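So this block is coords33.pdb, PDB, C-alpha atoms:
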ATOM      1  CA  TYR A  29      18.592  37.729 -45.290
ATOM      2  CA  ILE A  30      14.927  36.907 -45.665
ATOM      3  CA  ILE A  31      14.396  35.765 -49.236
ATOM      4  CA  SER A  32      11.279  34.968 -51.179
ATOM      5  CA  LYS A  33      12.150  31.795 -53.052
ATOM      6  CA  PRO A  34      13.876  28.582 -52.002
ATOM      7  CA  VAL A  35      17.372  27.751 -53.119
ATOM      8  CA  GLU A  36      17.633  24.419 -54.901
ATOM      9  CA  ASN A  37      19.489  21.672 -53.090
ATOM     10  CA  ALA A  38      21.957  19.176 -54.482
ATOM     11  CA  LYS A  39      20.911  17.280 -57.598
ATOM     12  CA  ASP A  40      22.007  13.888 -56.229
ATOM     13  CA  ARG A  41      19.184  13.036 -53.822
ATOM     14  CA  ASN A  42      21.105  10.034 -52.502
ATOM     15  CA  LYS A  43      23.820  12.285 -51.099
ATOM     16  CA  ARG A  44      22.818  14.951 -48.611
ATOM     17  CA  SER A  45      25.034  17.945 -48.111
ATOM     18  CA  TYR A  46      25.505  19.346 -44.617
ATOM     19  CA  ALA A  47      26.928  22.672 -43.479
ATOM     20  CA  LEU A  48      28.057  22.830 -39.862
ATOM     21  CA  ILE A  49      28.248  26.422 -38.658
ATOM     22  CA  GLY A  50      29.656  27.533 -35.333
ATOM     23  CA  ARG A  51      32.444  27.259 -32.830
ATOM     24  CA  LEU A  52      33.992  23.813 -32.805
ATOM     25  CA  THR A  53      33.582  23.400 -29.063
ATOM     26  CA  GLU A  54      31.827  21.084 -26.670
ATOM     27  CA  ASP A  55      29.240  23.675 -25.638
ATOM     28  CA  ILE A  56      27.525  23.571 -29.044
ATOM     29  CA  GLY A  57      27.318  19.782 -28.850
ATOM     30  CA  LEU A  58      30.196  19.147 -31.243
ATOM     31  CA  PRO A  59      30.978  15.677 -29.846
ATOM     32  CA  LEU A  60      27.469  14.661 -30.914
ATOM     33  CA  TYR A  61      27.974  16.067 -34.424
ATOM     34  CA  VAL A  62      31.254  14.105 -34.637
ATOM     35  CA  LYS A  63      29.427  10.962 -33.541
ATOM     36  CA  PHE A  64      26.624  11.665 -36.058
ATOM     37  CA  PHE A  65      28.981  12.004 -39.035
ATOM     38  CA  SER A  66      30.988   9.020 -37.815
ATOM     39  CA  MET A  67      27.770   6.994 -37.859
ATOM     40  CA  LEU A  68      26.944   8.146 -41.390
ATOM     41  CA  LYS A  69      30.415   7.162 -42.565
ATOM     42  CA  LYS A  70      30.344   3.814 -40.725
ATOM     43  CA  ASN A  71      26.938   2.970 -42.206
ATOM     44  CA  LYS A  72      28.106   4.033 -45.680
ATOM     45  CA  ILE A  73      25.439   6.730 -45.928
ATOM     46  CA  SER A  74      26.542   9.117 -48.642
ATOM     47  CA  TYR A  75      26.942  12.743 -47.528
ATOM     48  CA  SER A  76      29.170  15.763 -47.830
ATOM     49  CA  LEU A  77      30.081  18.086 -44.979
ATOM     50  CA  ASP A  78      31.415  21.626 -45.041
ATOM     51  CA  VAL A  79      32.462  23.024 -41.666
ATOM     52  CA  TYR A  80      32.521  26.762 -41.000
ATOM     53  CA  GLY A  81      34.163  27.496 -37.679
ATOM     54  CA  ASP A  82      37.215  26.763 -35.587
ATOM     55  CA  GLY A  83      37.987  25.488 -32.137
ATOM     56  CA  PRO A  84      39.390  22.627 -30.094
ATOM     57  CA  TYR A  85      37.273  19.958 -31.835
ATOM     58  CA  LYS A  86      38.594  20.820 -35.297
ATOM     59  CA  SER A  87      40.768  17.689 -35.479
ATOM     60  CA  ASN A  88      37.792  15.548 -34.393
ATOM     61  CA  ILE A  89      35.469  16.742 -37.168
ATOM     62  CA  GLU A  90      37.928  17.266 -40.042
ATOM     63  CA  LYS A  91      38.038  13.546 -40.940
ATOM     64  CA  TYR A  92      34.350  13.758 -41.865
ATOM     65  CA  GLY A  93      34.323  16.852 -44.048
ATOM     66  CA  ARG A  94      36.035  19.935 -45.371
ATOM     67  CA  ILE A  95      37.042  22.600 -42.850
ATOM     68  CA  HIS A  96      36.712  26.185 -44.075
ATOM     69  CA  GLY A  97      37.574  27.798 -40.745
ATOM     70  CA  ILE A  98      36.147  31.075 -39.602
ATOM     71  CA  VAL A  99      34.501  32.959 -42.456
ATOM     72  CA  ASP A 100      32.953  36.416 -42.699
ATOM     73  CA  GLU A 101      29.787  35.201 -44.372
ATOM     74  CA  THR A 102      27.907  31.890 -44.214
ATOM     75  CA  MET A 103      25.114  32.634 -46.689
ATOM     76  CA  GLN A 104      26.734  30.686 -49.538
ATOM     77  CA  ALA A 105      27.349  27.744 -47.211
ATOM     78  CA  ILE A 106      23.716  27.716 -46.164
ATOM     79  CA  MET A 107      22.489  28.044 -49.735
ATOM     80  CA  LYS A 108      24.543  25.020 -50.875
ATOM     81  CA  ALA A 109      23.542  22.743 -48.004
ATOM     82  CA  ASP A 110      20.576  20.413 -47.812
ATOM     83  CA  ILE A 111      20.703  20.483 -44.001
ATOM     84  CA  VAL A 112      22.333  23.085 -41.767
ATOM     85  CA  CYS A 113      23.881  21.984 -38.475
ATOM     86  CA  ALA A 114      23.694  24.949 -36.136
ATOM     87  CA  SER A 115      22.750  25.809 -32.611
ATOM     88  CA  SER A 116      23.152  29.572 -32.521
ATOM     89  CA  TYR A 117      19.995  31.639 -32.780
ATOM     90  CA  LEU A 118      21.117  33.743 -35.739
ATOM     91  CA  SER A 119      22.539  30.791 -37.691
ATOM     92  CA  ILE A 120      19.249  28.966 -37.260
ATOM     93  CA  VAL A 121      17.284  32.003 -38.448
ATOM     94  CA  ASP A 122      19.628  32.374 -41.455
ATOM     95  CA  ALA A 123      19.186  28.707 -42.398
ATOM     96  CA  LEU A 124      15.408  28.854 -42.101
ATOM     97  CA  SER A 125      15.282  32.081 -44.125
ATOM     98  CA  PHE A 126      16.679  30.048 -47.037
ATOM     99  CA  GLY A 127      14.197  27.232 -46.480
ATOM    100  CA  LYS A 128      16.786  24.879 -44.983
ATOM    101  CA  PRO A 129      15.950  22.453 -42.207
ATOM    102  CA  VAL A 130      18.273  22.578 -39.203
ATOM    103  CA  LEU A 131      19.882  19.799 -37.191
ATOM    104  CA  ALA A 132      20.770  20.967 -33.680
ATOM    105  CA  PHE A 133      22.267  18.754 -31.005
ATOM    106  CA  TYR A 134      22.229  19.607 -27.337
ATOM    107  CA  ASN A 135      24.394  18.204 -24.567
ATOM    108  CA  ASN A 136      23.025  19.986 -21.518
ATOM    109  CA  PRO A 137      19.616  21.013 -20.109
ATOM    110  CA  LEU A 138      20.137  24.711 -20.847
ATOM    111  CA  LYS A 139      20.850  24.083 -24.547
ATOM    112  CA  LYS A 140      17.892  21.671 -24.683
ATOM    113  CA  ASP A 141      15.517  24.315 -23.302
ATOM    114  CA  TYR A 142      17.004  27.000 -25.565
ATOM    115  CA  LEU A 143      16.538  24.909 -28.712
ATOM    116  CA  ASN A 144      13.136  23.486 -27.779
ATOM    117  CA  GLY A 145      11.908  27.029 -27.104
ATOM    118  CA  PHE A 146      12.857  28.252 -30.595
ATOM    119  CA  PRO A 147       9.820  29.863 -32.311
ATOM    120  CA  LEU A 148       9.960  27.638 -35.417
ATOM    121  CA  LEU A 149      10.843  24.390 -33.669
ATOM    122  CA  GLN A 150       8.874  22.386 -36.238
ATOM    123  CA  HIS A 151      11.693  23.047 -38.761
ATOM    124  CA  ILE A 152      14.517  22.104 -36.408
ATOM    125  CA  MET A 153      15.553  18.561 -35.627
ATOM    126  CA  VAL A 154      16.616  18.866 -31.989
ATOM    127  CA  SER A 155      18.229  15.874 -30.326
ATOM    128  CA  ASP A 156      20.839  14.588 -27.906
ATOM    129  CA  ASN A 157      21.029  11.215 -29.664
ATOM    130  CA  VAL A 158      22.608  10.572 -33.081
ATOM    131  CA  GLU A 159      20.388   7.609 -33.955
ATOM    132  CA  ASP A 160      17.323   9.694 -33.105
ATOM    133  CA  ALA A 161      18.638  12.529 -35.279
ATOM    134  CA  LEU A 162      19.083  10.254 -38.286
ATOM    135  CA  THR A 163      15.574   8.881 -37.810
ATOM    136  CA  LYS A 164      14.199  12.444 -37.655
ATOM    137  CA  ILE A 165      16.027  13.375 -40.856
ATOM    138  CA  GLU A 166      14.713  10.343 -42.705
ATOM    139  CA  SER A 167      11.136  10.749 -41.470
ATOM    140  CA  ARG A 168      11.002  14.475 -42.178
ATOM    141  CA  ASN A 169      12.569  14.243 -45.628
ATOM    142  CA  LYS A 170       9.175  13.945 -47.317
ATOM    143  CA  GLU A 171       7.722  16.765 -45.211
ATOM    144  CA  TRP A 172      10.322  19.418 -45.957
ATOM    145  CA  ASN A 173       8.773  22.296 -47.777
ATOM    146  CA  ALA A 174      11.278  25.073 -48.416
ATOM    147  CA  ARG A 175       8.633  27.610 -49.424
ATOM    148  CA  LYS A 176       6.683  26.972 -46.221
ATOM    149  CA  ILE A 177       9.827  27.293 -44.091
ATOM    150  CA  ILE A 178      10.718  30.598 -45.787
ATOM    151  CA  GLU A 179       7.193  31.968 -45.405
ATOM    152  CA  GLU A 180       6.972  31.037 -41.730
ATOM    153  CA  THR A 181      10.433  32.474 -41.063
ATOM    154  CA  HIS A 182       9.542  35.696 -42.845
ATOM    155  CA  ASN A 183       6.313  35.969 -40.836
ATOM    156  CA  THR A 184       8.032  35.190 -37.524
ATOM    157  CA  PHE A 185      11.277  37.160 -37.688
ATOM    158  CA  SER A 186      12.501  40.517 -38.801
ATOM    159  CA  TRP A 187      16.021  41.741 -38.182
ATOM    160  CA  ASP A 188      14.569  44.690 -36.298
ATOM    161  CA  GLN A 189      12.714  42.292 -33.983
ATOM    162  CA  ILE A 190      15.802  40.112 -33.474
ATOM    163  CA  MET A 191      17.882  43.194 -32.624
ATOM    164  CA  LYS A 192      15.214  44.366 -30.180
ATOM    165  CA  ASP A 193      15.119  40.911 -28.521
ATOM    166  CA  TYR A 194      18.906  40.847 -28.167
ATOM    167  CA  LEU A 195      19.001  44.349 -26.693
ATOM    168  CA  GLU A 196      16.311  43.436 -24.163
ATOM    169  CA  LEU A 197      18.236  40.304 -23.165
ATOM    170  CA  TRP A 198      21.453  42.285 -22.902
ATOM    171  CA  LYS A 199      19.805  44.794 -20.544
ATOM    172  CA  LYS A 200      18.798  41.972 -18.190
TER     173      LYS A 200
END

Kindly return the structure encoded in the file as structure tokens.
Amino acid sequence: YIISKPVENAKDRNKRSYALIGRLTEDIGLPLYVKFFSMLKKNKISYSLDVYGDGPYKSNIEKYGRIHGIVDETMQAIMKADIVCASSYLSIVDALSFGKPVLAFYNNPLKKDYLNGFPLLQHIMVSDNVEDALTKIESRNKEWNARKIIEETHNTFSWDQIMKDYLELWKK
């Protein structure tokens, strides 16, 4: 899905759109995403949220956005979002390939190491604290450069390389 030009984000700059992609379970840090969107709502920060996934935390997150459930394809979701909430390797790569910054929460040391070891960490806002995440989003807003994110993603990843990495991990 590597593309060569950024997809335009929402026209209303005062309202960020988020796409949350993944299983709605504790292991992806979903309680922290729930807390994050709860904080946005409580502080009257305008946003929209589209959720692509299913799981036990569905009822916890649905009051903050629209649930689409499990879908075959998330490209359109990523293209429409200003910020992609994801913690899976491939979802992060997909988001970055469209020039989208990623918000990824962690709730255990393994997830922290996994996310902090991601090759393009500079384009991912990794946190275990919702206030910290909001601060990172606000401070990085002026620095986001979709073309740069796309170029760096294109230069770092190829689907052949990702497949090779996964096969090597699987063999271990």

| message | With the PyMOL selection byres ((chain A and resi 153) around 7) as the selection, what would be picked from this file? Answer as a ChimeraX atom specification, please. | response | /A:130-132,151-152,154-155,161,164

Would you mind exporting C-alpha atoms of the selected residues as a PDB file, keeping the file's coordinate frame?
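After the write, result.pdb holds the following:
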ATOM      1  CA  VAL A 130      18.273  22.578 -39.203  1.00  0.00           C
ATOM      2  CA  LEU A 131      19.882  19.799 -37.191  1.00  0.00           C
ATOM      3  CA  ALA A 132      20.770  20.967 -33.680  1.00  0.00           C
ATOM      4  CA  HIS A 151      11.693  23.047 -38.761  1.00  0.00           C
ATOM      5  CA  ILE A 152      14.517  22.104 -36.408  1.00  0.00           C
ATOM      6  CA  VAL A 154      16.616  18.866 -31.989  1.00  0.00           C
ATOM      7  CA  SER A 155      18.229  15.874 -30.326  1.00  0.00           C
ATOM      8  CA  ALA A 161      18.638  12.529 -35.279  1.00  0.00           C
ATOM      9  CA  LYS A 164      14.199  12.444 -37.655  1.00  0.00           C
TER      10      LYS A 164
END

| query | Got a sec to resolve the PyMOL selection byres ((chain A and resi 157) around 10) on this structure and send the residues as a list in words? | reply | Leu60, Tyr61, Lys63, Phe64, Phe133, Tyr134, Asn135, Val154, Ser155, Asp156, Val158, Glu159, Asp160, Ala161 and Leu162 of chain A

| message | I'd like the contact shell of Asp78 (chain A) - 9 Å cut-off, all atoms listed in the file, skipping same-chain residues fewer than 6 positions apart - returned as a list in words. | response |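 Neighbouring residues, sequence-local ones excluded: Ser45, Tyr46, Ala47, Leu48, Ile49, Tyr92, Gly93, Arg94, Ile95, His96, Ala105 and Ala109 of chain A.
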
| request: Please evaluate the PyMOL selection byres ((chain A and resi 172) around 12) against the structure above and give the resulting residues as a PyMOL selection string. | output: chain A and resi 34+37+110-111+124+127-130+150-153+164-171+173-178

| request: Take CA of Val121 (chain A) and CA of Phe185 (chain A) and report the distance between them in Å, one decimal. | output: 8.0 Å

| task | Rounded to one decimal place, report the CA of Lys43 (chain A)-CA of Tyr75 (chain A) distance in Å. | result |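 Between CA of Lys43 (chain A) and CA of Tyr75 (chain A) the gap works out to 4.8 Å.
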